[in-house]
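**Student:** Sharing coords_1.pdb here; it has PDB, C-alpha atoms, pLDDT in the B column.
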```pdb
ATOM      1  CA  MET A 227      13.915 -24.029  11.225  1.00 96.00           C
ATOM      2  CA  ILE A 228      12.436 -20.678  12.085  1.00 97.00           C
ATOM      3  CA  TYR A 229      14.845 -18.034  13.303  1.00 97.00           C
ATOM      4  CA  CYS A 230      14.295 -14.580  14.755  1.00 97.00           C
ATOM      5  CA  ASN A 231      17.198 -12.329  15.626  1.00 97.00           C
ATOM      6  CA  THR A 232      16.651  -8.875  17.117  1.00 98.00           C
ATOM      7  CA  ASN A 233      19.304  -6.166  17.165  1.00 97.00           C
ATOM      8  CA  GLY A 234      19.421  -2.735  18.799  1.00 97.00           C
ATOM      9  CA  GLY A 235      16.864  -1.061  20.990  1.00 95.00           C
ATOM     10  CA  HIS A 236      16.239  -1.806  24.646  1.00 95.00           C
ATOM     11  CA  LYS A 237      15.837  -5.283  26.112  1.00 97.00           C
ATOM     12  CA  SER A 238      12.094  -4.673  26.632  1.00 96.00           C
ATOM     13  CA  GLU A 239      11.741  -3.714  22.951  1.00 97.00           C
ATOM     14  CA  ARG A 240      13.641  -6.793  21.777  1.00 97.00           C
ATOM     15  CA  THR A 241      11.492  -9.009  24.016  1.00 97.00           C
ATOM     16  CA  ALA A 242       8.276  -7.454  22.651  1.00 97.00           C
ATOM     17  CA  VAL A 243       9.468  -7.835  19.043  1.00 98.00           C
ATOM     18  CA  GLU A 244      10.335 -11.508  19.521  1.00 97.00           C
ATOM     19  CA  ASP A 245       7.042 -12.214  21.285  1.00 97.00           C
ATOM     20  CA  ALA A 246       5.108 -10.490  18.470  1.00 98.00           C
ATOM     21  CA  PHE A 247       7.179 -12.341  15.844  1.00 98.00           C
ATOM     22  CA  TRP A 248       6.341 -15.788  17.227  1.00 98.00           C
ATOM     23  CA  PHE A 249       2.690 -14.839  17.627  1.00 98.00           C
ATOM     24  CA  ALA A 250       2.564 -13.585  14.012  1.00 98.00           C
ATOM     25  CA  VAL A 251       4.224 -16.724  12.655  1.00 98.00           C
ATOM     26  CA  GLU A 252       1.686 -18.896  14.482  1.00 97.00           C
ATOM     27  CA  GLU A 253      -1.255 -16.793  13.280  1.00 98.00           C
ATOM     28  CA  LEU A 254      -0.133 -15.996   9.721  1.00 98.00           C
ATOM     29  CA  MET A 255       2.055 -18.957   8.728  1.00 97.00           C
ATOM     30  CA  PRO A 256       1.391 -21.878  11.107  1.00 96.00           C
ATOM     31  CA  LYS A 257       2.741 -24.463   8.649  1.00 96.00           C
ATOM     32  CA  LYS A 258       5.905 -22.534   7.802  1.00 95.00           C
ATOM     33  CA  LYS A 259       9.054 -24.592   8.359  1.00 95.00           C
ATOM     34  CA  ASN A 260      11.885 -22.361   7.087  1.00 96.00           C
ATOM     35  CA  LEU A 261      12.019 -18.690   7.904  1.00 98.00           C
ATOM     36  CA  ASP A 262      14.806 -16.374   9.008  1.00 98.00           C
ATOM     37  CA  VAL A 263      13.872 -12.836  10.010  1.00 98.00           C
ATOM     38  CA  GLU A 264      16.412 -10.300  11.220  1.00 98.00           C
ATOM     39  CA  PHE A 265      15.017  -7.297  13.127  1.00 98.00           C
ATOM     40  CA  TYR A 266      16.838  -4.010  13.640  1.00 98.00           C
ATOM     41  CA  LEU A 267      15.519  -1.483  16.151  1.00 98.00           C
ATOM     42  CA  GLN A 268      16.927   1.904  15.170  1.00 97.00           C
ATOM     43  CA  ASN A 269      16.087   5.488  14.327  1.00 96.00           C
ATOM     44  CA  LEU A 270      14.294   5.493  10.971  1.00 95.00           C
ATOM     45  CA  GLU A 271      14.058   8.445   8.603  1.00 93.00           C
ATOM     46  CA  GLY A 272      10.631   9.943   8.027  1.00 90.00           C
ATOM     47  CA  ASP A 273       7.332   9.267   9.706  1.00 90.00           C
ATOM     48  CA  VAL A 274       7.464   5.466   9.577  1.00 93.00           C
ATOM     49  CA  ASP A 275       7.379   2.710  12.175  1.00 96.00           C
ATOM     50  CA  GLY A 276       8.958  -0.004  10.047  1.00 97.00           C
ATOM     51  CA  PHE A 277      10.328  -1.299   6.759  1.00 95.00           C
ATOM     52  CA  HIS A 278      10.407  -4.803   5.313  1.00 96.00           C
ATOM     53  CA  GLU A 279      13.128  -6.007   2.970  1.00 95.00           C
ATOM     54  CA  PHE A 280      12.867  -9.305   1.112  1.00 94.00           C
ATOM     55  CA  ILE A 281      16.319 -10.883   0.834  1.00 95.00           C
ATOM     56  CA  ASP A 282      15.504 -14.312  -0.587  1.00 94.00           C
ATOM     57  CA  ARG A 283      12.865 -16.966  -0.092  1.00 93.00           C
ATOM     58  CA  GLY A 284      12.718 -17.530   3.646  1.00 96.00           C
ATOM     59  CA  MET A 285      15.022 -14.604   4.442  1.00 98.00           C
ATOM     60  CA  HIS A 286      13.798 -11.156   5.455  1.00 98.00           C
ATOM     61  CA  VAL A 287      15.078  -8.041   7.203  1.00 98.00           C
ATOM     62  CA  ILE A 288      12.738  -5.775   9.150  1.00 98.00           C
ATOM     63  CA  GLU A 289      13.785  -2.371  10.432  1.00 98.00           C
ATOM     64  CA  LEU A 290      11.687  -0.921  13.237  1.00 98.00           C
ATOM     65  CA  GLN A 291      11.593   2.518  14.795  1.00 98.00           C
ATOM     66  CA  LYS A 292      13.046   2.284  18.280  1.00 96.00           C
ATOM     67  CA  ASN A 293      11.471   4.007  21.290  1.00 95.00           C
ATOM     68  CA  LEU A 294       7.877   3.410  20.141  1.00 96.00           C
ATOM     69  CA  ASP A 295       5.440   2.517  22.868  1.00 95.00           C
ATOM     70  CA  ILE A 296       5.060  -1.246  23.107  1.00 95.00           C
ATOM     71  CA  ASP A 297       1.589  -1.369  21.500  1.00 97.00           C
ATOM     72  CA  ASP A 298       2.828   0.593  18.465  1.00 97.00           C
ATOM     73  CA  LEU A 299       5.971  -1.536  18.254  1.00 98.00           C
ATOM     74  CA  VAL A 300       3.995  -4.785  18.329  1.00 98.00           C
ATOM     75  CA  THR A 301       1.573  -3.407  15.718  1.00 98.00           C
ATOM     76  CA  ALA A 302       4.536  -2.497  13.480  1.00 98.00           C
ATOM     77  CA  VAL A 303       5.906  -6.045  13.805  1.00 98.00           C
ATOM     78  CA  PHE A 304       2.521  -7.453  12.780  1.00 98.00           C
ATOM     79  CA  HIS A 305       2.309  -5.097   9.781  1.00 98.00           C
ATOM     80  CA  GLU A 306       5.773  -6.078   8.539  1.00 98.00           C
ATOM     81  CA  MET A 307       5.117  -9.779   9.182  1.00 98.00           C
ATOM     82  CA  VAL A 308       2.106  -9.570   6.855  1.00 98.00           C
ATOM     83  CA  HIS A 309       4.579  -8.408   4.193  1.00 97.00           C
ATOM     84  CA  VAL A 310       6.808 -11.387   5.048  1.00 97.00           C
ATOM     85  CA  ARG A 311       3.848 -13.701   4.451  1.00 97.00           C
ATOM     86  CA  GLN A 312       3.002 -11.921   1.191  1.00 96.00           C
ATOM     87  CA  TYR A 313       6.533 -12.458  -0.137  1.00 95.00           C
ATOM     88  CA  GLU A 314       6.642 -16.053   1.071  1.00 96.00           C
ATOM     89  CA  ARG A 315       3.431 -16.692  -0.870  1.00 94.00           C
ATOM     90  CA  GLY A 316       4.813 -15.007  -3.991  1.00 91.00           C
ATOM     91  CA  GLN A 317       2.510 -12.004  -3.539  1.00 88.00           C
ATOM     92  CA  GLY A 318       5.317  -9.542  -2.844  1.00 72.00           C
ATOM     93  CA  GLY A 319       6.146  -6.522  -4.848  1.00 68.00           C
ATOM     94  CA  PHE A 320       3.879  -3.626  -5.501  1.00 75.00           C
ATOM     95  CA  ASP A 321       3.172  -0.996  -8.060  1.00 81.00           C
ATOM     96  CA  GLU A 322       4.933   2.190  -6.959  1.00 84.00           C
ATOM     97  CA  SER A 323       2.672   4.199  -9.267  1.00 90.00           C
ATOM     98  CA  THR A 324      -0.259   3.316  -6.982  1.00 90.00           C
ATOM     99  CA  PRO A 325      -0.580   5.566  -3.922  1.00 91.00           C
ATOM    100  CA  TYR A 326       0.816   3.838  -0.826  1.00 89.00           C
ATOM    101  CA  LEU A 327      -2.462   3.393   1.051  1.00 90.00           C
ATOM    102  CA  GLU A 328      -4.237   2.101  -2.084  1.00 92.00           C
ATOM    103  CA  ARG A 329      -1.781  -0.747  -2.717  1.00 91.00           C
ATOM    104  CA  PRO A 330      -3.412  -4.147  -2.098  1.00 92.00           C
ATOM    105  CA  CYS A 331      -0.395  -5.322  -0.080  1.00 93.00           C
ATOM    106  CA  GLU A 332      -0.723  -2.320   2.265  1.00 94.00           C
ATOM    107  CA  ILE A 333      -4.503  -2.591   2.557  1.00 94.00           C
ATOM    108  CA  GLU A 334      -4.075  -6.194   3.713  1.00 95.00           C
ATOM    109  CA  ALA A 335      -1.187  -5.328   6.058  1.00 96.00           C
ATOM    110  CA  TYR A 336      -3.077  -2.484   7.749  1.00 97.00           C
ATOM    111  CA  HIS A 337      -6.185  -4.665   8.123  1.00 97.00           C
ATOM    112  CA  LEU A 338      -4.357  -7.693   9.518  1.00 98.00           C
ATOM    113  CA  GLN A 339      -2.098  -5.683  11.844  1.00 98.00           C
ATOM    114  CA  GLU A 340      -5.220  -4.609  13.735  1.00 97.00           C
ATOM    115  CA  GLU A 341      -6.722  -8.114  13.808  1.00 98.00           C
ATOM    116  CA  LEU A 342      -3.456  -9.574  15.059  1.00 98.00           C
ATOM    117  CA  PHE A 343      -2.991  -6.831  17.641  1.00 98.00           C
ATOM    118  CA  ASP A 344      -6.509  -7.400  19.032  1.00 97.00           C
ATOM    119  CA  LYS A 345      -5.863 -11.169  19.325  1.00 97.00           C
ATOM    120  CA  TRP A 346      -2.420 -10.597  20.848  1.00 97.00           C
ATOM    121  CA  LYS A 347      -3.771  -8.043  23.351  1.00 95.00           C
ATOM    122  CA  HIS A 348      -6.622 -10.361  24.335  1.00 93.00           C
ATOM    123  CA  GLN A 349      -4.240 -13.288  24.813  1.00 90.00           C
ATOM    124  CA  HIS A 350      -1.877 -11.177  26.916  1.00 85.00           C
ATOM    125  CA  SER A 351      -4.665  -9.763  29.089  1.00 83.00           C
ATOM    126  CA  GLU A 352      -5.793 -13.321  29.903  1.00 75.00           C
ATOM    127  CA  SER A 353      -2.307 -14.500  30.801  1.00 66.00           C
ATOM    128  CA  HIS A 354      -1.521 -11.545  33.103  1.00 56.00           C
TER
END
```
Would you mind writing the file out in structure tokens?
**Tutor:**
Amino acid sequence: MIYCNTNGGHKSERTAVEDAFWFAVEELMPKKKNLDVEFYLQNLEGDVDGFHEFIDRGMHVIELQKNLDIDDLVTAVFHEMVHVRQYERGQGGFDESTPYLERPCEIEAYHLQEELFDKWKHQHSESH
């Protein structure tokens, strides 16, 4: 089973996170059968929109900055969900000696977050 649980934030934020989660699973991991992702909308330290934490195969925690505008929140979900896919494929982990924006896992996440956001935005503009 695939589970998504969202904690904190406003109802509209939780709804957007869950919508983005299901969209990301369908786009990034359509054959995935077992996944449990726990989201926490809260005030994060520093200039970040989100963090991903790998717990165990199939289990992840994602912390997101609350009070972002919806487009930025959805983009942050997509970015962190790319990291979920990376860990599920055994591609997780990164070399902390490499500058953040030069890490292959971040290059892929920043690239795919934009692709996913464009697809998501297009799909939502057609349905509204």
**Student:** Using the chain letters and numbers from this file, what does the PyMOL selection byres ((chain A and resi 297) around 12) select? Give the answer as a PDB file with C-alpha atoms, in the frame of the given file.
**Tutor:**
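File written: result_36.pdb
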```pdb
ATOM      1  CA  GLU A 239      11.741  -3.714  22.951  1.00 97.00           C
ATOM      2  CA  ALA A 242       8.276  -7.454  22.651  1.00 97.00           C
ATOM      3  CA  VAL A 243       9.468  -7.835  19.043  1.00 98.00           C
ATOM      4  CA  ALA A 246       5.108 -10.490  18.470  1.00 98.00           C
ATOM      5  CA  ASP A 275       7.379   2.710  12.175  1.00 96.00           C
ATOM      6  CA  ASN A 293      11.471   4.007  21.290  1.00 95.00           C
ATOM      7  CA  LEU A 294       7.877   3.410  20.141  1.00 96.00           C
ATOM      8  CA  ASP A 295       5.440   2.517  22.868  1.00 95.00           C
ATOM      9  CA  ILE A 296       5.060  -1.246  23.107  1.00 95.00           C
ATOM     10  CA  ASP A 298       2.828   0.593  18.465  1.00 97.00           C
ATOM     11  CA  LEU A 299       5.971  -1.536  18.254  1.00 98.00           C
ATOM     12  CA  VAL A 300       3.995  -4.785  18.329  1.00 98.00           C
ATOM     13  CA  THR A 301       1.573  -3.407  15.718  1.00 98.00           C
ATOM     14  CA  ALA A 302       4.536  -2.497  13.480  1.00 98.00           C
ATOM     15  CA  VAL A 303       5.906  -6.045  13.805  1.00 98.00           C
ATOM     16  CA  PHE A 304       2.521  -7.453  12.780  1.00 98.00           C
ATOM     17  CA  GLN A 339      -2.098  -5.683  11.844  1.00 98.00           C
ATOM     18  CA  GLU A 340      -5.220  -4.609  13.735  1.00 97.00           C
ATOM     19  CA  LEU A 342      -3.456  -9.574  15.059  1.00 98.00           C
ATOM     20  CA  PHE A 343      -2.991  -6.831  17.641  1.00 98.00           C
ATOM     21  CA  ASP A 344      -6.509  -7.400  19.032  1.00 97.00           C
ATOM     22  CA  TRP A 346      -2.420 -10.597  20.848  1.00 97.00           C
ATOM     23  CA  LYS A 347      -3.771  -8.043  23.351  1.00 95.00           C
ATOM     24  CA  HIS A 350      -1.877 -11.177  26.916  1.00 85.00           C
TER      25      HIS A 350
END
```
**Student:** Could you state the separation of CA of Asn269 in chain A and CA of Val251 in chain A in Å, given to one decimal place?
**Tutor:** 25.2 Å
**Student:** Check the smallest atom-to-atom distance from each of A:Leu338, A:Leu267, A:Cys331, A:Val308 to His236 in chain A using all atoms listed in the file, then report the winner.
**Tutor:**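 Nearest candidate to His236 in chain A out of A:Leu338, A:Leu267, A:Cys331, A:Val308: A:Leu267.
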**Student:** State, in Å with one decimal place, the distance from CA of Lys292 in chain A to CA of Gly235 in chain A.
**Tutor:**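 CA of Lys292 in chain A sits 5.8 Å away from CA of Gly235 in chain A.
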**Student:** Using only C-alpha atoms, which residue out of A:Pro325, A:Pro330, A:Gly316, A:Gly234 lies closest to Phe265 in chain A?
**Tutor:** A:Gly234
**Student:** Could you list the residues chosen by the PyMOL selection byres ((chain A and resi 279) around 10) in this structure as a PyMOL selection string?
**Tutor:** chain A and resi 263-264+277-278+280-282+285-289+306+309-310+313
**Student:** Kindly indicate which residue among A:His305, A:Lys237, A:Lys345, A:Arg311 lies nearest to Leu261 in chain A, using all atoms listed in the file for the distances.
**Tutor:**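 So, comparing all the options, the nearest one is A:Arg311.
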**Student:** Enter the distance from CA of Thr232 in chain A to CA of Tyr266 in chain A, in Å, rounded to one decimal.
**Tutor:** 6.0 Å
**Student:** Please report, as JSON, the centre and edge lengths in Å to one decimal of an axis-aligned box covering all listed atoms of range 307-311 of chain A with 3 Å per side.
**Tutor:**
```
{"center_x": 4.5, "center_y": -11.1, "center_z": 6.7, "size_x": 10.7, "size_y": 11.3, "size_z": 11.0}
```
**Student:** Around the point (7.0, -24.9, 7.2) in the file's coordinates, collect all residues with an atom within 12 Å, using only C-alpha atoms, and return them as a list in words.
**Tutor:**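 Taken together, the residues in range are Met227, Ile228, Val251, Glu252, Leu254, Met255, Pro256, Lys257, Lys258, Lys259, Asn260, Leu261, Asp262, Gly284, Arg311 and Glu314 of chain A.
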